[in-house]
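Presented below is the structure to which this report refers.
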Amino acid sequence: MPKQWLAIAVIVVAVIAGYSPVLFNFFAGDDFVHLEWLAKAVHNPELILRNFHSSWLDINTARFYRPLISIFMVVDYLLWGTNGLGFHITNLGFHLASTVLLFFIMRRLARQFNDDGSILMPASAAAIFGLYPLHTEAVSWITGRVDAIVTTFYLASMWCYIWYRQSTAAGRLPARPAWLAGSLVAMLCALLSKEMAIMLPPTLVALEVFVFQQRNIVERKLKNVIVHTLKYTCAFWLLLGAYLVARTLALGTFIGGYDNSMTIADPESFARTWIHACRMLLVPLNKTIAGVSTPLAKVWPIPMFLVICFAAYHAISRQPYRWIGAFLFSWLVLSLVPVYKIFAISDDLQGSRLAYLATVPLSAFLALAFVPARFRKFSDLGCIAFSALTFFGLLWNNQAWAEAGKESNAIRAGLEKVYSSLKDDPQVLLVGLPDQLDGAYVLRNAFPGITETPQFSRDVHNCLMINSVEPVLPFGYCKESLLAAGDRVHIYGWNFAEGFTPLHPDKRTYAGEKFTYRSGGKGSFEFFFGSLPCFTTDFVKVHYPENKRMNPEAWKIPVFLEYSNNLVAQFDPRYRVASNLDKQNGPQDLIFSLRSVPSWAFGGDSHGFRLVPPDGVTANSANIEILSASALMPSISFPNSGYLGRKGFIHLTRSHRSETITADATKVPGATGVVFEITNPNQWFPSQNTNSPTPTMTEMQLPHTTGSITLDRKIFPTVGLYEGRAWAVDKDGTRLGVAGDHIVIAVDS
């Protein structure tokens, strides 16, 4: 027993050390949305109760049922106010609870197969899970606690269920009701935390089949397996059914989520995304920090491969662990089912929180590599070495969140300084604010929460952040209206070293200046103009002549145009736009859209462009041309739609059920009509002003180059946000030029 608690203490200390760099980060991204809601909820408890019979936080753009998360948020707010340290401690506390619960679950499973002599395997599972580098988004980000909390209750329910079943098998009848009740209560808490808990009953079925019914399986008594499994898990299925009914009544739909759909629009992209996410699940290093050439990134796959091989060997060759391994693999698969449609982990680990629950069975499976063997010291040293590797990986990934916390705090201080010189609440645009840093969220979804009390000295309602990754605000559509607004709109650019500095739209237009170019090596070219105003330069066409060598797969990879100006001092892969090659070899005309890129528009004068083709595409030279927006895309308008008006938003409600927009494509060569396309609910066009069509919910035809299109509420299947944009088409219906500026259609209840 002393060894058991000593092992747990060492693991807990190591986990706390791994997350210590981010405890004082305070708030970032969606955290500010919660703070805005919390400030209202503590004075109006009805808002808290509404979470139990309506969508989470009353958000219509994403239908989730997570009332218990709001309860924990309220408790933290009452205890800590706007001191983010307490919120981070809560996150870490749930993560530690899951870590300890996994230790005891693996301990009980080992005892089920009469292996009660070693704590190495359960300690390995707990250490790997507690220190696994993939967890930074779920633990270091306050809003990421959703996954940490549901996992804790998920494991608590499973632990109670194992006690219930083992006490039943041992004939200790007084223990049965208490452990069963505890398991059901924990499952209810998990369901009220996040939808992923719907997989708990199937996981308990797998536990029954591979652990508690394994003797009947061996003896091929399948009837006994089915009867006993249903007997012991039926209460959990009934609870799940009741939850689904209550959730459907609360949300008004059975599916919910981001787009209220279970279909996959692009199976090929879906497969690629899953393959990449699985790769990141096993090699969970932030590539934007580490890079493929760093020692950590090079070393990690080798021990991971060895650990997987040893774990698989023990799971296959050693009888007790064969059943545990089968259960863990089933659990891993089941934990990914609820996120099958959105299971995407980028190189910078954005989206990694979706795999948090899946890392529980993964860590437990990896721990099978360290079960007691002939060479006991080898297992001990292997466990210590692999745990140390995960610890350093965790510290490495947390660098991004530590830097994001510093940036977030600096931005809040900078905003206070800006508004100390502004009277009342004027229109303010902020350019260059980071959406995220190396995958760690800074200001994603942070407005308006960051500009209202309690985070701000006063409530500000007319301050907006615009950047190239902000998919909602139609910056391209509002662009010209900013020129007309003049001094009524205050524009500031952000730089971490200098803070906020004033910016102004430049009314100058391209005057036909000549450009010079030079080779940048490996097929790239750099273009330089004498004087090219950024704000009024919307599109760049690059004529790419006959290339000498063409990789057959290269056409699938975009060509990038990097830019530099007064805001972007030098070429940087973070500041670029893309265009796609045609499949055939030969000359290519590539159109690059800069129209909807704020860091370009407010950059004053261009300092130059760099064209970066895919590997295997080379050319001797290239030509560049500046194109006007009217020659490539239709314009659309509706009353009071400029920046000082409705900012490109159309609101459809039960009382205001329709809106008419006007389209004009007369200046697009070859155009004979217009197509207006609309996205699925709460989904955004993947790129703005593109020449590549994307799957959409619906299309509306206009048979002439000018005319009106009526948007009626009945064509929208559910409440939420939609994006719409127009294309010019020829007499055959072929799309011409590029997609027009998008607008936002908000369908309210």
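The chains in the structure tokens are called A, B, ... from first to last as shown; in each chain the residues are counted from 1, and the ligands are counted from 1 in the order shown.
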
Which residues, written as a PDB file with N, CA and C atoms, in the first residue's frame, have at least one atom at most 9 Å from Ser346 in chain A, with only C-alpha atoms counted and residues fewer than 6 positions away on the same chain left out?
```pdb
ATOM      1  N   THR A 273      -8.119  13.665 -43.260  1.00  0.00           N
ATOM      2  CA  THR A 273      -8.122  14.301 -41.943  1.00  0.00           C
ATOM      3  C   THR A 273      -7.984  13.271 -40.835  1.00  0.00           C
ATOM      4  N   HIS A 276      -4.394  11.859 -40.666  1.00  0.00           N
ATOM      5  CA  HIS A 276      -3.479  12.815 -40.040  1.00  0.00           C
ATOM      6  C   HIS A 276      -3.736  12.922 -38.538  1.00  0.00           C
ATOM      7  N   ALA A 277      -5.015  12.922 -38.139  1.00  0.00           N
ATOM      8  CA  ALA A 277      -5.332  13.008 -36.710  1.00  0.00           C
ATOM      9  C   ALA A 277      -4.808  11.796 -35.947  1.00  0.00           C
ATOM     10  N   MET A 280      -1.145  12.255 -35.454  1.00  0.00           N
ATOM     11  CA  MET A 280      -0.869  13.205 -34.376  1.00  0.00           C
ATOM     12  C   MET A 280      -1.194  12.610 -33.013  1.00  0.00           C
ATOM     13  N   ASN A 286       3.809  19.490 -31.054  1.00  0.00           N
ATOM     14  CA  ASN A 286       3.434  20.691 -31.787  1.00  0.00           C
ATOM     15  C   ASN A 286       4.524  21.004 -32.804  1.00  0.00           C
ATOM     16  N   SER A 352      -6.892  18.996 -30.633  1.00  0.00           N
ATOM     17  CA  SER A 352      -6.405  17.819 -29.910  1.00  0.00           C
ATOM     18  C   SER A 352      -7.279  17.462 -28.717  1.00  0.00           C
ATOM     19  N   GLY A 439      -0.931  27.342 -32.336  1.00  0.00           N
ATOM     20  CA  GLY A 439      -2.018  26.456 -31.946  1.00  0.00           C
ATOM     21  C   GLY A 439      -2.667  26.779 -30.618  1.00  0.00           C
TER      22      GLY A 439
END
```

Sel. of strand (DSSP E) residues, range 655-742 of chain A, as a PyMOL selection string: chain A and resi 658-664+673-678+698-702+706-712+720-729+735-736

Worksheet item: Which polymer residues have any atom within 10 Å of an atom of Val10 in chain A, counting only C-alpha atoms, with same-chain residues fewer than 4 positions away left out, as a PyMOL selection string?
Response: chain A and resi 5-6+14-15+123+127

Which range 582-617 of chain A residues have any atom within 10 Å of an atom of range 721-743 of chain A, and for each, what is the nearest pair of atoms with distance in Å to one decimal, counting only C-alpha atoms, rows sorted by chain and number, as a tab-separated table?
```
residue	atom	partner	partner_atom	distance
A:Ile591	CA	A:Val738	CA	8.5
A:Phe592	CA	A:Val738	CA	9.8
A:Ser593	CA	A:Val738	CA	8.8
A:Arg595	CA	A:Asp741	CA	8.8
A:Ser596	CA	A:Asp741	CA	8.1
```

* Asked: If we count only C-alpha atoms, what is near range 65-82 of chain A at a cut-off of 8 Å, once residues fewer than 6 positions away on the same chain are taken out, given as a ChimeraX atom specification?
  -> /A:34-35,38,41-42,48,51-52,54-57,90,146,149,189,191-195,247,250-251,454-455

Pull the closest atom pair for each residue of range 92-139 of chain A that gets at most 12 Å from range 306-326 of chain A, along with the distance in Å to one decimal, counting only C-alpha atoms, ordering rows by chain and then ascending residue number, as CSV.
```
residue,atom,partner,partner_atom,distance
A:Ile105,CA,A:Ile324,CA,11.5
A:Met106,CA,A:Ile324,CA,9.3
A:Arg107,CA,A:Ile324,CA,11.7
A:Arg108,CA,A:Ile324,CA,11.3
A:Leu109,CA,A:Ile324,CA,7.5
A:Ala110,CA,A:Pro320,CA,8.2
A:Arg111,CA,A:Pro320,CA,10.2
A:Gln112,CA,A:Pro320,CA,9.0
A:Phe113,CA,A:Pro320,CA,5.8
A:Asn114,CA,A:Pro320,CA,8.6
A:Asp115,CA,A:Pro320,CA,8.4
A:Met121,CA,A:Tyr321,CA,10.8
A:Ser124,CA,A:Val307,CA,11.5
A:Ala125,CA,A:Ala311,CA,11.6
A:Ile128,CA,A:Val307,CA,11.4
```

Go ahead and dump the residues you just picked, N, CA and C atoms, as an mmCIF file, in the first residue's frame.
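Now in out.cif:
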```
data_model
loop_
_atom_site.group_PDB
_atom_site.id
_atom_site.type_symbol
_atom_site.label_atom_id
_atom_site.label_comp_id
_atom_site.auth_asym_id
_atom_site.auth_seq_id
_atom_site.Cartn_x
_atom_site.Cartn_y
_atom_site.Cartn_z
ATOM 1 N N ILE A 105 -8.382 2.055 -11.827
ATOM 2 C CA ILE A 105 -9.103 1.187 -12.773
ATOM 3 C C ILE A 105 -8.187 0.077 -13.271
ATOM 4 N N MET A 106 -6.974 0.437 -13.657
ATOM 5 C CA MET A 106 -6.036 -0.578 -14.144
ATOM 6 C C MET A 106 -5.625 -1.516 -13.017
ATOM 7 N N ARG A 107 -5.577 -0.998 -11.808
ATOM 8 C CA ARG A 107 -5.269 -1.845 -10.647
ATOM 9 C C ARG A 107 -6.373 -2.885 -10.445
ATOM 10 N N ARG A 108 -7.634 -2.453 -10.560
ATOM 11 C CA ARG A 108 -8.743 -3.377 -10.389
ATOM 12 C C ARG A 108 -8.807 -4.389 -11.532
ATOM 13 N N LEU A 109 -8.516 -3.953 -12.764
ATOM 14 C CA LEU A 109 -8.524 -4.880 -13.888
ATOM 15 C C LEU A 109 -7.442 -5.938 -13.734
ATOM 16 N N ALA A 110 -6.276 -5.523 -13.233
ATOM 17 C CA ALA A 110 -5.211 -6.494 -13.000
ATOM 18 C C ALA A 110 -5.642 -7.519 -11.949
ATOM 19 N N ARG A 111 -6.326 -7.047 -10.917
ATOM 20 C CA ARG A 111 -6.794 -7.962 -9.876
ATOM 21 C C ARG A 111 -7.851 -8.927 -10.413
ATOM 22 N N GLN A 112 -8.611 -8.493 -11.388
ATOM 23 C CA GLN A 112 -9.617 -9.353 -11.986
ATOM 24 C C GLN A 112 -8.981 -10.612 -12.567
ATOM 25 N N PHE A 113 -7.725 -10.487 -13.010
ATOM 26 C CA PHE A 113 -7.013 -11.631 -13.588
ATOM 27 C C PHE A 113 -5.925 -12.135 -12.638
ATOM 28 N N ASN A 114 -6.179 -11.909 -11.329
ATOM 29 C CA ASN A 114 -5.291 -12.439 -10.280
ATOM 30 C C ASN A 114 -3.867 -11.917 -10.393
ATOM 31 N N ASP A 115 -3.707 -10.689 -10.895
ATOM 32 C CA ASP A 115 -2.386 -10.064 -10.954
ATOM 33 C C ASP A 115 -2.404 -8.890 -9.981
ATOM 34 N N MET A 121 2.212 -1.631 -13.899
ATOM 35 C CA MET A 121 1.331 -1.422 -15.036
ATOM 36 C C MET A 121 0.335 -0.289 -14.783
ATOM 37 N N SER A 124 2.224 2.990 -14.748
ATOM 38 C CA SER A 124 2.632 3.384 -16.101
ATOM 39 C C SER A 124 1.477 4.022 -16.844
ATOM 40 N N ALA A 125 0.293 3.417 -16.737
ATOM 41 C CA ALA A 125 -0.881 3.970 -17.415
ATOM 42 C C ALA A 125 -1.184 5.379 -16.918
ATOM 43 N N ILE A 128 1.659 7.887 -18.071
ATOM 44 C CA ILE A 128 1.591 8.214 -19.502
ATOM 45 C C ILE A 128 0.411 9.139 -19.775
#
```

One decimal place gives the CA of Phe447 in chain A-CA of Leu47 in chain A separation as 20.2 Å

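Distances here use only C-alpha atoms; by that measure, the residue among A:Ile142, A:Leu368, A:Ile275, A:Ile302 closest to Val22 in chain A is A:Ile142.
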
Could you pull the residues within 12 Å of Arg412 in chain A, counting only C-alpha atoms, minus those fewer than 6 positions along the same chain, as a PDB file with C-alpha atoms, in the first residue's frame?
```
ATOM      1  CA  PHE A  26      -5.437  33.548 -17.028  1.00  0.00           C
ATOM      2  CA  PHE A  27      -7.887  33.760 -19.958  1.00  0.00           C
ATOM      3  CA  ALA A  28      -7.724  33.262 -23.732  1.00  0.00           C
ATOM      4  CA  PHE A  32     -13.921  35.539 -22.534  1.00  0.00           C
ATOM      5  CA  GLY A 405      -1.120  33.816 -22.146  1.00  0.00           C
ATOM      6  CA  LYS A 406       1.484  36.580 -22.214  1.00  0.00           C
ATOM      7  CA  VAL A 418      -6.330  52.815 -26.272  1.00  0.00           C
ATOM      8  CA  TYR A 419      -9.707  53.447 -24.672  1.00  0.00           C
ATOM      9  CA  LEU A 433      -4.462  40.634 -33.335  1.00  0.00           C
ATOM     10  CA  VAL A 442      -5.373  33.953 -27.946  1.00  0.00           C
ATOM     11  CA  LEU A 443      -8.389  35.891 -29.217  1.00  0.00           C
ATOM     12  CA  ALA A 446     -12.841  36.468 -27.585  1.00  0.00           C
ATOM     13  CA  PHE A 447     -14.819  39.495 -28.748  1.00  0.00           C
ATOM     14  CA  GLY A 449     -16.133  39.288 -24.026  1.00  0.00           C
ATOM     15  CA  ILE A 450     -12.680  40.857 -23.791  1.00  0.00           C
ATOM     16  CA  THR A 451     -14.146  44.360 -24.207  1.00  0.00           C
ATOM     17  CA  GLU A 452     -16.802  44.121 -21.529  1.00  0.00           C
ATOM     18  CA  THR A 453     -16.777  44.077 -17.763  1.00  0.00           C
ATOM     19  CA  PRO A 454     -15.454  42.333 -15.756  1.00  0.00           C
ATOM     20  CA  GLN A 455     -12.448  41.975 -18.067  1.00  0.00           C
ATOM     21  CA  PHE A 456     -12.583  45.591 -19.184  1.00  0.00           C
ATOM     22  CA  SER A 457     -12.949  48.863 -17.335  1.00  0.00           C
ATOM     23  CA  TRP A 494      -1.317  45.360 -32.970  1.00  0.00           C
ATOM     24  CA  PHE A 496       3.459  42.721 -29.277  1.00  0.00           C
ATOM     25  CA  GLY A 499       1.311  47.729 -28.686  1.00  0.00           C
ATOM     26  CA  PHE A 500      -1.529  49.361 -30.635  1.00  0.00           C
TER      27      PHE A 500
END
```

Contacts of Ala404 in chain A at 8 Å or less, counting only C-alpha atoms, minus same-chain residues fewer than 3 places along, as a short mmCIF file (atom, residue, chain, number, x, y, z; two decimals) with N, CA and C atoms, in the first residue's frame?
```
data_model
loop_
_atom_site.label_atom_id
_atom_site.label_comp_id
_atom_site.auth_asym_id
_atom_site.auth_seq_id
_atom_site.Cartn_x
_atom_site.Cartn_y
_atom_site.Cartn_z
N ASN A 25 -1.60 31.94 -16.70
CA ASN A 25 -1.92 32.51 -18.01
C ASN A 25 -3.23 33.29 -18.02
N ALA A 28 -8.05 33.17 -22.31
CA ALA A 28 -7.72 33.26 -23.73
C ALA A 28 -8.90 32.72 -24.54
N ALA A 400 3.68 27.00 -26.20
CA ALA A 400 2.74 27.79 -26.99
C ALA A 400 1.69 28.44 -26.10
N TRP A 401 1.18 27.68 -25.12
CA TRP A 401 0.14 28.24 -24.25
C TRP A 401 0.71 29.28 -23.30
N GLU A 407 0.63 37.06 -24.45
CA GLU A 407 0.07 37.92 -25.49
C GLU A 407 -1.33 38.39 -25.11
N SER A 408 -2.15 37.50 -24.59
CA SER A 408 -3.51 37.85 -24.20
C SER A 408 -3.51 38.93 -23.13
N GLN A 436 -4.46 32.87 -32.79
CA GLN A 436 -3.77 31.86 -32.00
C GLN A 436 -2.26 31.98 -32.23
N LEU A 437 -1.49 31.43 -31.33
CA LEU A 437 -0.04 31.39 -31.46
C LEU A 437 0.40 29.94 -31.39
N ALA A 440 -2.08 27.67 -29.84
CA ALA A 440 -2.66 28.08 -28.56
C ALA A 440 -3.54 29.30 -28.78
N TYR A 441 -4.82 29.21 -28.41
CA TYR A 441 -5.77 30.27 -28.71
C TYR A 441 -5.45 31.53 -27.91
N VAL A 442 -5.58 32.66 -28.59
CA VAL A 442 -5.37 33.95 -27.95
C VAL A 442 -6.69 34.73 -27.94
#
```

Inset, instruction - Using only C-alpha atoms, find the one residue out of A:Arg458, A:His135, A:His504, A:Arg279 that sits nearest to Ala355 in chain A. - result: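 Residue with the minimum atom-to-atom distance to Ala355 in chain A: A:His135.
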
Note to self: So that I can see what lies close to Asp506 in chain A, please list as a ChimeraX atom specification the residues with an atom at most 12 Å from it, counting only C-alpha atoms and leaving out residues fewer than 3 positions away in the same chain.
What the structure shows: /A:479-480,482-484,486,503,509-510,532-537,600-606

Of the candidates A:Lys514, A:Lys507, A:Arg576, A:Arg444, which shows the shortest atom-to-atom distance to Gln350 in chain A, using only C-alpha atoms?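 Once distances to Gln350 in chain A are computed over only C-alpha atoms, the minimum belongs to A:Arg444.
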
How many Å lie between CA of Pro201 in chain A and CA of Leu120 in chain A, rounded to one decimal?
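If I compute the distance from CA of Pro201 in chain A to CA of Leu120 in chain A, I get 28.7 Å.
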
Discussion item. I'd like to know which residues of range 278-354 of chain A are alpha helix (DSSP H) (by DSSP, run on the backbone); could you write them as a ChimeraX atom specification?
Written reply: /A:278-282,287-290,295-299,301-317,319-336

Among A:Val719, A:Val559, A:Phe212, A:Ala197, Ile162 in chain A is approached most closely, using only C-alpha atoms, by A:Phe212

Query raised in the report: Which of these residues is nearest to Gly720 in chain A, using only C-alpha atoms: A:Asp259, A:Asp538, A:Glu219, A:Glu403?
Result: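 Looking only at the distances to Gly720 in chain A, the closest residue turns out to be A:Asp259.
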